[in-house]
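Okay, structure.txt now, which holds compact mmCIF, C-alpha atoms and all ligand atoms:
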```txt
# COMPACT_ATOMS: atom_id res chain seq x y z
CA MET A 1 -60.28 85.72 173.46
CA LYS A 2 -60.97 83.56 170.42
CA TYR A 3 -57.98 81.93 168.74
CA SER A 4 -58.17 80.17 165.38
CA PHE A 5 -55.52 77.66 164.40
CA ASN A 6 -55.07 74.24 162.85
CA VAL A 7 -54.33 71.14 164.91
CA ASN A 8 -53.45 67.88 163.17
CA GLY A 9 -55.15 69.04 159.97
CA GLN A 10 -58.33 70.36 161.60
CA ASN A 11 -59.21 74.06 161.73
CA LEU A 12 -60.33 75.00 165.23
CA GLU A 13 -61.49 78.05 167.11
CA VAL A 14 -60.80 78.05 170.84
CA ASP A 15 -62.16 80.52 173.36
CA ALA A 16 -59.40 80.89 175.94
CA PRO A 17 -58.04 83.42 178.44
CA GLU A 18 -55.43 85.89 177.23
CA ASN A 19 -52.67 84.14 179.19
CA ALA A 20 -53.51 80.63 177.86
CA ASN A 21 -50.62 78.59 176.56
CA LEU A 22 -50.48 75.88 173.95
CA LEU A 23 -49.70 72.93 176.22
CA TRP A 24 -52.70 73.35 178.51
CA THR A 25 -54.99 74.19 175.62
CA LEU A 26 -54.01 70.95 173.89
CA ARG A 27 -54.36 68.87 177.03
CA GLU A 28 -57.37 70.37 178.77
CA ARG A 29 -59.44 72.05 176.06
CA LEU A 30 -58.75 69.70 173.16
CA GLN A 31 -58.13 66.47 175.15
CA LEU A 32 -54.90 65.84 173.25
CA THR A 33 -53.18 64.39 176.28
CA GLY A 34 -50.35 62.69 174.40
CA THR A 35 -48.37 65.90 174.87
CA LYS A 36 -46.95 65.83 178.40
CA TYR A 37 -46.17 68.38 181.07
CA GLY A 38 -42.71 67.87 182.56
CA CYS A 39 -40.94 71.00 183.74
CA GLY A 40 -43.07 73.85 182.41
CA ALA A 41 -39.90 75.81 181.69
CA ALA A 42 -38.55 74.61 178.32
CA LEU A 43 -36.01 72.38 180.06
CA CYS A 44 -37.15 68.81 179.40
CA GLY A 45 -38.88 68.49 176.00
CA ALA A 46 -41.80 66.37 177.26
CA CYS A 47 -44.23 68.88 175.72
CA THR A 48 -42.63 68.99 172.24
CA VAL A 49 -45.04 69.55 169.35
CA HIS A 50 -44.56 71.04 165.88
CA LEU A 51 -45.56 74.60 165.08
CA ASP A 52 -45.57 75.05 161.29
CA GLY A 53 -43.24 72.04 161.13
CA THR A 54 -40.73 73.27 163.68
CA PRO A 55 -40.38 71.47 167.03
CA VAL A 56 -41.33 73.77 169.92
CA ARG A 57 -41.87 73.44 173.67
CA ALA A 58 -45.62 73.84 173.99
CA CYS A 59 -45.32 74.81 177.67
CA MET A 60 -43.66 78.07 176.61
CA ILE A 61 -45.89 78.99 173.66
CA PRO A 62 -48.67 81.49 174.34
CA LEU A 63 -51.82 80.70 172.41
CA SER A 64 -51.64 84.15 170.83
CA MET A 65 -48.48 82.98 169.03
CA VAL A 66 -50.36 80.00 167.54
CA ALA A 67 -53.21 81.98 165.95
CA GLY A 68 -53.38 81.34 162.21
CA ARG A 69 -50.71 78.64 162.36
CA SER A 70 -50.56 74.82 162.27
CA VAL A 71 -49.80 72.56 165.20
CA ARG A 72 -49.00 68.87 164.99
CA THR A 73 -49.06 66.67 168.06
CA ILE A 74 -48.21 63.01 168.61
CA GLU A 75 -51.87 62.18 167.88
CA GLY A 76 -51.36 63.69 164.41
CA LEU A 77 -48.87 60.95 163.53
CA GLY A 78 -51.69 58.42 163.76
CA GLY A 79 -49.51 55.60 165.05
CA GLU A 80 -48.35 54.87 161.51
CA HIS A 81 -45.22 56.97 161.28
CA PRO A 82 -42.06 54.94 160.52
CA LEU A 83 -40.47 56.34 163.67
CA GLN A 84 -43.38 55.14 165.79
CA LYS A 85 -42.99 51.66 164.29
CA ALA A 86 -39.23 51.78 164.91
CA TRP A 87 -39.89 52.85 168.51
CA ILE A 88 -42.00 49.74 169.04
CA GLU A 89 -39.50 47.52 167.25
CA ALA A 90 -36.65 48.80 169.46
CA GLN A 91 -38.87 48.67 172.58
CA VAL A 92 -37.75 52.21 173.40
CA PRO A 93 -40.06 53.39 176.22
CA GLN A 94 -39.65 52.55 179.88
CA CYS A 95 -42.14 54.68 181.87
CA GLY A 96 -43.11 56.37 178.60
CA TYR A 97 -43.57 59.86 179.97
CA CYS A 98 -40.99 61.62 177.79
CA GLN A 99 -41.62 59.57 174.69
CA SER A 100 -44.17 61.60 172.75
CA GLY A 101 -41.84 64.58 173.00
CA GLN A 102 -38.90 62.43 171.93
CA ILE A 103 -40.77 61.15 168.90
CA MET A 104 -41.97 64.62 167.84
CA GLN A 105 -38.42 65.93 168.13
CA ALA A 106 -37.10 63.00 166.05
CA VAL A 107 -39.83 63.37 163.40
CA ALA A 108 -38.87 67.01 162.91
CA LEU A 109 -35.23 66.03 162.46
CA LEU A 110 -35.93 63.48 159.73
CA GLU A 111 -38.26 65.90 157.95
CA GLN A 112 -35.49 68.52 157.90
CA ASN A 113 -32.68 66.08 157.15
CA PRO A 114 -33.53 62.54 156.00
CA SER A 115 -29.99 61.22 156.59
CA PRO A 116 -28.48 62.90 159.63
CA SER A 117 -25.18 61.68 161.03
CA ARG A 118 -25.04 60.23 164.54
CA GLU A 119 -23.56 63.53 165.74
CA GLN A 120 -26.42 65.47 164.16
CA ILE A 121 -28.99 63.15 165.76
CA LEU A 122 -27.42 63.55 169.19
CA ALA A 123 -27.21 67.33 168.82
CA HIS A 124 -30.85 67.57 167.71
CA MET A 125 -32.17 65.27 170.48
CA ASN A 126 -29.96 66.75 173.18
CA GLY A 127 -32.66 68.87 174.87
CA ASN A 128 -35.16 66.02 175.25
CA LEU A 129 -34.54 64.46 178.64
CA CYS A 130 -35.42 60.92 179.70
CA ARG A 131 -35.30 60.10 183.39
CA CYS A 132 -35.36 56.40 182.51
CA GLY A 133 -32.24 56.69 180.37
CA THR A 134 -33.65 55.29 177.14
CA TYR A 135 -31.22 57.33 175.05
CA ASN A 136 -29.45 54.38 173.43
CA ARG A 137 -32.72 52.84 172.28
CA ILE A 138 -33.94 56.21 170.97
CA LEU A 139 -30.77 56.46 168.89
CA LYS A 140 -31.18 52.88 167.69
CA ALA A 141 -34.78 53.55 166.59
CA ILE A 142 -33.88 56.73 164.71
CA GLU A 143 -30.91 55.10 162.99
CA SER A 144 -33.01 52.10 161.99
CA VAL A 145 -35.39 54.37 160.09
CA ILE A 146 -32.49 56.13 158.36
CA GLN A 147 -31.03 52.75 157.34
CA GLN A 148 -34.34 51.64 155.82
CA ARG A 149 -34.25 54.59 153.38
S1 LIG A 201 -42.77 70.66 179.97
FE1 LIG A 201 -42.20 71.88 178.30
S2 LIG A 201 -40.06 71.62 178.15
FE2 LIG A 201 -40.58 70.56 179.96
S1 LIG A 202 -39.15 56.63 179.32
FE1 LIG A 202 -39.37 57.36 181.36
S2 LIG A 202 -38.77 59.44 181.25
FE2 LIG A 202 -38.27 58.64 179.31
```
Hey, can you dump this file as structure tokens for me?
Ligand code: FES
Ligand code: FES
Amino acid sequence: MKYSFNVNGQNLEVDAPENANLLWTLRERLQLTGTKYGCGAALCGACTVHLDGTPVRACMIPLSMVAGRSVRTIEGLGGEHPLQKAWIEAQVPQCGYCQSGQIMQAVALLEQNPSPSREQILAHMNGNLCRCGTYNRILKAIESVIQQR
């Protein structure tokens, strides 16, 4: 099957099996390996990307659902997003494995709501797990961007 969609501003056509999903297409066909595989069951958030601006778990998205739509991955932020800079400033990552998903989830929040309360941040980030327990630094990084506005 051929699927046409946009990834990080580029229109692409991918020839993939009918049961292909977004996560493995990004990682193995498009070499966008910033998006991670954690649980494969929408339970951890390591694979979070944006689909038409909404954060989704790429491990659960069939490629057929992506046809004609726009995907943004961590590579699409280009390293210049204020949240990425805040992440470095706050030295958020430990092992790093969950962090691209954390950042994509946080970017979506601030695009929907530029000044969320602490409660709103925690509710929005709740499904993104970090085995290293970097939650306090994630919160600090997000709040630092909100305070700069
Ligand atoms: S790998 Fe997709 S939510 Fe865990
Ligand atoms: S930094 Fe290790 S899992 Fe989050």
Requested in this report: Can you pull out every residue within 7 Å of region 22-27 of chain A, counting all atoms listed in the file, but drop anything in the same chain fewer than 2 positions away, and send it as a list of chain:residue names?
Outcome: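 Within the cut-off, the hits are A:Ala20, A:Arg29, A:Leu30, A:Gln31, A:Leu32, A:Thr33, A:Cys47, A:Ala58, A:Cys59, A:Ile61, A:Pro62, A:Leu63.
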Each side padded by 3 Å, which centre and which edge lengths in Å (one decimal) define the axis-aligned box around the listed atoms of region 7-10 of chain A? Give them as JSON.
```
{"center_x": -55.9, "center_y": 69.5, "center_z": 162.4, "size_x": 10.9, "size_y": 9.3, "size_z": 10.9}
```
Query raised in the report: Which residue out of A:His124, A:Lys2, A:Arg137, A:Arg72 has the minimum interatomic distance to Gly34 (chain A) when all atoms listed in the file are used?
Result: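 Once distances to Gly34 (chain A) are computed over all atoms listed in the file, the minimum belongs to A:Arg72.
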Requested in this report: Tell me which of A:Leu129, A:Ile74, A:Ala108, A:Val7 sits closest to ligand LIG 201 (chain A), counting all atoms listed in the file.
Outcome: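 Ranking A:Leu129, A:Ile74, A:Ala108, A:Val7 by distance to ligand LIG 201 (chain A), first place goes to A:Leu129.
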Query raised in the report: Near Ser100 (chain A), within 12 Å and counting only C-alpha atoms, which residues show up once chain neighbours fewer than 4 positions away are dropped, as a count of residues only?
Result: 35
**Report entry** CA of Val71 (chain A) to CA of Gly101 (chain A), distance in Å rounded to a single decimal
**Finding:**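 Between these atoms lies a distance of 13.7 Å.
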Query raised in the report: Nearest to Pro114 (chain A): which of A:Ala86, A:Ile146, A:Leu139, A:Cys98 is it, counting only C-alpha atoms?
Result: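 Checking each candidate against Pro114 (chain A), we get A:Ile146 as the closest.
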Query - From A:Ala16, A:Leu51, A:Met60, A:Cys132, residue lying nearest ligand LIG 201 (chain A) [only C-alpha atoms and all ligand atoms] - result: A:Met60
Query raised in the report: Expressed in Å to a single decimal, how great is the separation between atom S1 of ligand LIG 202 (chain A) and CA of Asn136 (chain A)?
Result: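 Distance reported for this atom pair: 11.6 Å.
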Query raised in the report: Restricting the calculation to only C-alpha atoms, which member of A:Asn21, A:Ser117, A:Gln148, A:Asn8 is positioned closest to Val66 (chain A)?
Result: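 Comparing A:Asn21, A:Ser117, A:Gln148, A:Asn8 against Val66 (chain A), the winner is A:Asn21.
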**Report entry** Nearest to ligand LIG 201 (chain A), chosen from A:Gln102, A:Ser64, A:Gln10, A:Thr54, with all atoms listed in the file counted in the distances
**Finding:**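 Closest to ligand LIG 201 (chain A), using all atoms listed in the file: A:Gln102.
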Requested in this report: Could you tell me how far CA of Glu80 (chain A) lies from CA of Ile103 (chain A), in Å and to one decimal?
Outcome: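 Straight-line distance from CA of Glu80 (chain A) to CA of Ile103 (chain A) works out to 12.3 Å.
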Query raised in the report: Which residues, written as a list in words, have at least one atom at most 12 Å from Gln120 (chain A), with only C-alpha atoms counted and residues fewer than 5 positions away on the same chain left out?
Result: Ala106, Leu109, Leu110, Gln112, Asn113, Pro114, Ser115, Met125, Asn126, Leu139, Ile142 and Glu143 of chain A
